[in-house]
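Note sheet for the following structure.
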Amino acid sequence: MSSETFTFQQFTIHQDRCAMKVGTDGVLLGAWAKGGKRILDIGTGTGLIALMMAQRYPHAHVWGIDIDTDACLQAMENVAQSPFQHQIHILHSSLQDFLPPSPTPIDVTGGGYFDSIVANPPYYINSLKAPDGKRTLARHADSLPPQALFDGVSRLLADDGTFCAIIPSDRMNDFLAEGYLHHLYPSCRCMVRTMPNKPPKRCLLSFQKQRPKNIAETTVCMMESPNERSEWYQKMTGKFYL
């Protein structure tokens, strides 16, 4: 395995043309997010999360969109070489311009189309930008600020659908506030520590259009020690990592 490829149990990610490589955030979201019959992966990059969702939900149709041409081409290649090529559709599009496939199936609930939307969104705001323009595009919120992200999710999510995202824990309150402004309510919040003695570094969140009676809240840890994955992390990723 080289830095240009990452091999999982059922598929291989080639990433020589993508600014953002396979990382823990994407793996966590792909293993944790709730699926459905129609899944949208916003900012698909290498296609990692789309492939993970297709593996977990074998009867789903998955759409992956990205604004970077090379990322889309690489995602298409990764999908074409996987066992899930008939489930996944990769499109070159921004979220703002994306229109769901038509004609709309008659079993769609409410005004939206997708019963599952997932995103590992760009989250750096007002911070120093990397010299690599594509990496900046993938990591900074300039091209997809939270307001635009929630605008798109609100437009595309079915009334009984679920939107799942992973964000830095220090961005959680702002992200939740933007969700409330778009009438998207948190239903599950999972705070992720890297080590038992560290504060949570990431937050996995799910949103829905109906206000839930209760919010499921958990705090988990990825590693028991620098060389030992936690039982939770092993269970979450056991069907993916070699």
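Convention: chains lettered A, B, ... in structure tokens order; per-chain residue numbering from 1; ligands numbered from 1 as shown.
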
Considering only C-alpha atoms, return as a list in words whatever protein or nucleic-acid residues lie within 8 Å of A:Leu204, sequence-local ones (same chain, fewer than 6 positions apart) excluded. Leu29, Cys164, Ala165, Ile166, Ile167, Cys188, Arg189, Cys190, Met191 and Val192 of chain A

Can you pull out every residue within 12 Å of A:Asp70, counting only C-alpha atoms, but drop anything in the same chain fewer than 4 positions away, and send it as a VMD selection string? chain A and resid 14 to 20 44 to 47 66 74 to 77 90 to 92 134

Pairwise distance for atom CA of A:Met172 and atom CA of A:Arg38, rounded to one decimal in Å: 26.5 Å

Fewer than 2 positions away in the same chain doesn't count, so skip those; otherwise give me all residues within 12 Å of A:Lys37, counting only C-alpha atoms, as a PyMOL selection string. chain A and resi 34-35+39-40+53-54+56-63+87-88+105+107-109+113-117+158+161-162

Serialized selection, N, CA, C and O atoms, as a compact mmCIF listing (two decimals), in the first residue's frame:
# COMPACT_ATOMS: atom_id res chain seq x y z
N LYS A 34 -26.40 7.07 9.14
CA LYS A 34 -27.60 6.32 8.80
C LYS A 34 -27.85 6.39 7.31
O LYS A 34 -27.69 7.44 6.68
N GLY A 35 -28.22 5.26 6.70
CA GLY A 35 -28.44 5.20 5.26
C GLY A 35 -29.91 5.20 4.90
O GLY A 35 -30.76 5.63 5.67
N ILE A 39 -29.20 7.85 -1.17
CA ILE A 39 -28.19 8.48 -0.32
C ILE A 39 -27.42 9.49 -1.15
O ILE A 39 -27.01 9.21 -2.28
N LEU A 40 -27.19 10.68 -0.58
CA LEU A 40 -26.38 11.71 -1.22
C LEU A 40 -25.13 11.96 -0.38
O LEU A 40 -25.23 12.25 0.81
N MET A 53 -21.02 3.61 2.23
CA MET A 53 -22.47 3.57 2.37
C MET A 53 -23.07 2.51 1.46
O MET A 53 -24.02 1.81 1.84
N ALA A 54 -22.52 2.37 0.24
CA ALA A 54 -23.01 1.33 -0.67
C ALA A 54 -22.75 -0.06 -0.10
O ALA A 54 -23.58 -0.97 -0.23
N ARG A 56 -22.52 -0.83 3.11
CA ARG A 56 -23.39 -1.03 4.28
C ARG A 56 -24.85 -1.20 3.89
O ARG A 56 -25.61 -1.87 4.60
N TYR A 57 -25.26 -0.54 2.81
CA TYR A 57 -26.66 -0.57 2.39
C TYR A 57 -26.72 -1.09 0.95
O TYR A 57 -26.80 -0.30 -0.01
N PRO A 58 -26.70 -2.40 0.76
CA PRO A 58 -26.57 -2.99 -0.59
C PRO A 58 -27.75 -2.73 -1.51
O PRO A 58 -27.62 -2.91 -2.72
N HIS A 59 -28.89 -2.30 -0.98
CA HIS A 59 -30.05 -2.02 -1.82
C HIS A 59 -30.22 -0.52 -2.09
O HIS A 59 -31.21 -0.11 -2.70
N ALA A 60 -29.27 0.28 -1.64
CA ALA A 60 -29.35 1.74 -1.80
C ALA A 60 -28.78 2.18 -3.14
O ALA A 60 -27.92 1.51 -3.72
N HIS A 61 -29.27 3.32 -3.60
CA HIS A 61 -28.64 4.04 -4.71
C HIS A 61 -27.95 5.26 -4.10
O HIS A 61 -28.57 6.02 -3.36
N VAL A 62 -26.68 5.43 -4.44
CA VAL A 62 -25.86 6.46 -3.81
C VAL A 62 -25.39 7.44 -4.89
O VAL A 62 -24.87 7.04 -5.93
N TRP A 63 -25.57 8.73 -4.62
CA TRP A 63 -25.06 9.78 -5.48
C TRP A 63 -23.94 10.51 -4.74
O TRP A 63 -24.10 10.89 -3.58
N GLN A 87 -24.40 0.67 -7.99
CA GLN A 87 -25.17 1.41 -6.97
C GLN A 87 -24.84 2.89 -6.93
O GLN A 87 -25.63 3.69 -6.42
N ILE A 88 -23.66 3.28 -7.42
CA ILE A 88 -23.13 4.62 -7.16
C ILE A 88 -23.06 5.44 -8.43
O ILE A 88 -22.59 4.98 -9.47
N PRO A 105 -39.24 9.44 -7.94
CA PRO A 105 -40.06 8.25 -7.64
C PRO A 105 -41.27 8.60 -6.79
O PRO A 105 -41.25 9.54 -6.00
N ASP A 107 -42.49 7.10 -4.33
CA ASP A 107 -42.44 6.73 -2.92
C ASP A 107 -41.68 7.75 -2.09
O ASP A 107 -41.46 7.55 -0.90
N VAL A 108 -41.26 8.87 -2.68
CA VAL A 108 -40.55 9.88 -1.91
C VAL A 108 -41.50 10.54 -0.94
O VAL A 108 -42.64 10.86 -1.27
N THR A 109 -41.02 10.73 0.30
CA THR A 109 -41.84 11.35 1.33
C THR A 109 -41.55 12.84 1.38
O THR A 109 -40.41 13.27 1.54
N TYR A 113 -35.82 14.61 -1.78
CA TYR A 113 -35.61 13.40 -2.58
C TYR A 113 -34.84 12.34 -1.81
O TYR A 113 -35.18 11.17 -1.87
N PHE A 114 -33.81 12.72 -1.07
CA PHE A 114 -32.92 11.76 -0.44
C PHE A 114 -33.36 11.47 0.99
O PHE A 114 -33.63 12.38 1.77
N ASP A 115 -33.41 10.19 1.33
CA ASP A 115 -33.73 9.84 2.71
C ASP A 115 -32.48 9.73 3.58
O ASP A 115 -32.57 9.53 4.79
N SER A 116 -31.31 9.91 2.97
CA SER A 116 -30.05 9.98 3.71
C SER A 116 -29.10 10.93 2.99
O SER A 116 -28.88 10.77 1.78
N ILE A 117 -28.57 11.90 3.70
CA ILE A 117 -27.55 12.80 3.18
C ILE A 117 -26.38 12.77 4.14
O ILE A 117 -26.57 12.83 5.36
N ALA A 158 -35.64 14.35 2.29
CA ALA A 158 -37.04 13.96 2.45
C ALA A 158 -37.51 14.29 3.87
O ALA A 158 -36.71 14.40 4.80
N GLY A 161 -36.22 11.97 6.30
CA GLY A 161 -34.82 11.63 6.08
C GLY A 161 -33.90 12.06 7.20
O GLY A 161 -34.30 12.72 8.15
N THR A 162 -32.61 11.69 7.07
CA THR A 162 -31.60 11.98 8.07
C THR A 162 -30.36 12.56 7.40
O THR A 162 -29.91 12.05 6.37

Neighbours of A:Val22 within 8 Å (only C-alpha atoms; same-chain residues fewer than 4 positions away dropped), as a list in words?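 Returned residues: Phe6, Ile13, Gln15, Gly26, Val27, Thr46 and Leu48 of chain A.
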
Let me see the file: selected residues, N, CA, C and O atoms, as a PDB file, in the first residue's frame.
ATOM      1  N   PHE A   6      -5.201   3.318  -0.885  1.00  0.00           N
ATOM      2  CA  PHE A   6      -5.599   2.843   0.440  1.00  0.00           C
ATOM      3  C   PHE A   6      -6.555   1.686   0.213  1.00  0.00           C
ATOM      4  O   PHE A   6      -7.621   1.870  -0.382  1.00  0.00           O
ATOM      5  N   ILE A  13      -9.068   2.542  -2.655  1.00  0.00           N
ATOM      6  CA  ILE A  13      -9.149   3.962  -2.961  1.00  0.00           C
ATOM      7  C   ILE A  13      -7.833   4.418  -3.586  1.00  0.00           C
ATOM      8  O   ILE A  13      -6.780   4.353  -2.948  1.00  0.00           O
ATOM      9  N   GLN A  15      -5.901   7.730  -4.807  1.00  0.00           N
ATOM     10  CA  GLN A  15      -6.077   9.111  -4.371  1.00  0.00           C
ATOM     11  C   GLN A  15      -4.969  10.050  -4.854  1.00  0.00           C
ATOM     12  O   GLN A  15      -4.739  11.102  -4.268  1.00  0.00           O
ATOM     13  N   GLY A  26     -13.486  10.693   7.392  1.00  0.00           N
ATOM     14  CA  GLY A  26     -14.323  10.058   6.386  1.00  0.00           C
ATOM     15  C   GLY A  26     -14.702   8.642   6.759  1.00  0.00           C
ATOM     16  O   GLY A  26     -15.846   8.216   6.568  1.00  0.00           O
ATOM     17  N   VAL A  27     -13.737   7.888   7.290  1.00  0.00           N
ATOM     18  CA  VAL A  27     -14.009   6.510   7.691  1.00  0.00           C
ATOM     19  C   VAL A  27     -15.043   6.477   8.820  1.00  0.00           C
ATOM     20  O   VAL A  27     -15.973   5.664   8.811  1.00  0.00           O
ATOM     21  N   THR A  46     -12.643  11.276  -3.034  1.00  0.00           N
ATOM     22  CA  THR A  46     -12.222   9.996  -3.622  1.00  0.00           C
ATOM     23  C   THR A  46     -13.378   9.024  -3.816  1.00  0.00           C
ATOM     24  O   THR A  46     -13.214   7.981  -4.448  1.00  0.00           O
ATOM     25  N   LEU A  48     -14.837   7.708  -1.102  1.00  0.00           N
ATOM     26  CA  LEU A  48     -14.729   6.814   0.057  1.00  0.00           C
ATOM     27  C   LEU A  48     -16.059   6.620   0.769  1.00  0.00           C
ATOM     28  O   LEU A  48     -16.510   5.488   0.986  1.00  0.00           O
TER      29      LEU A  48
END
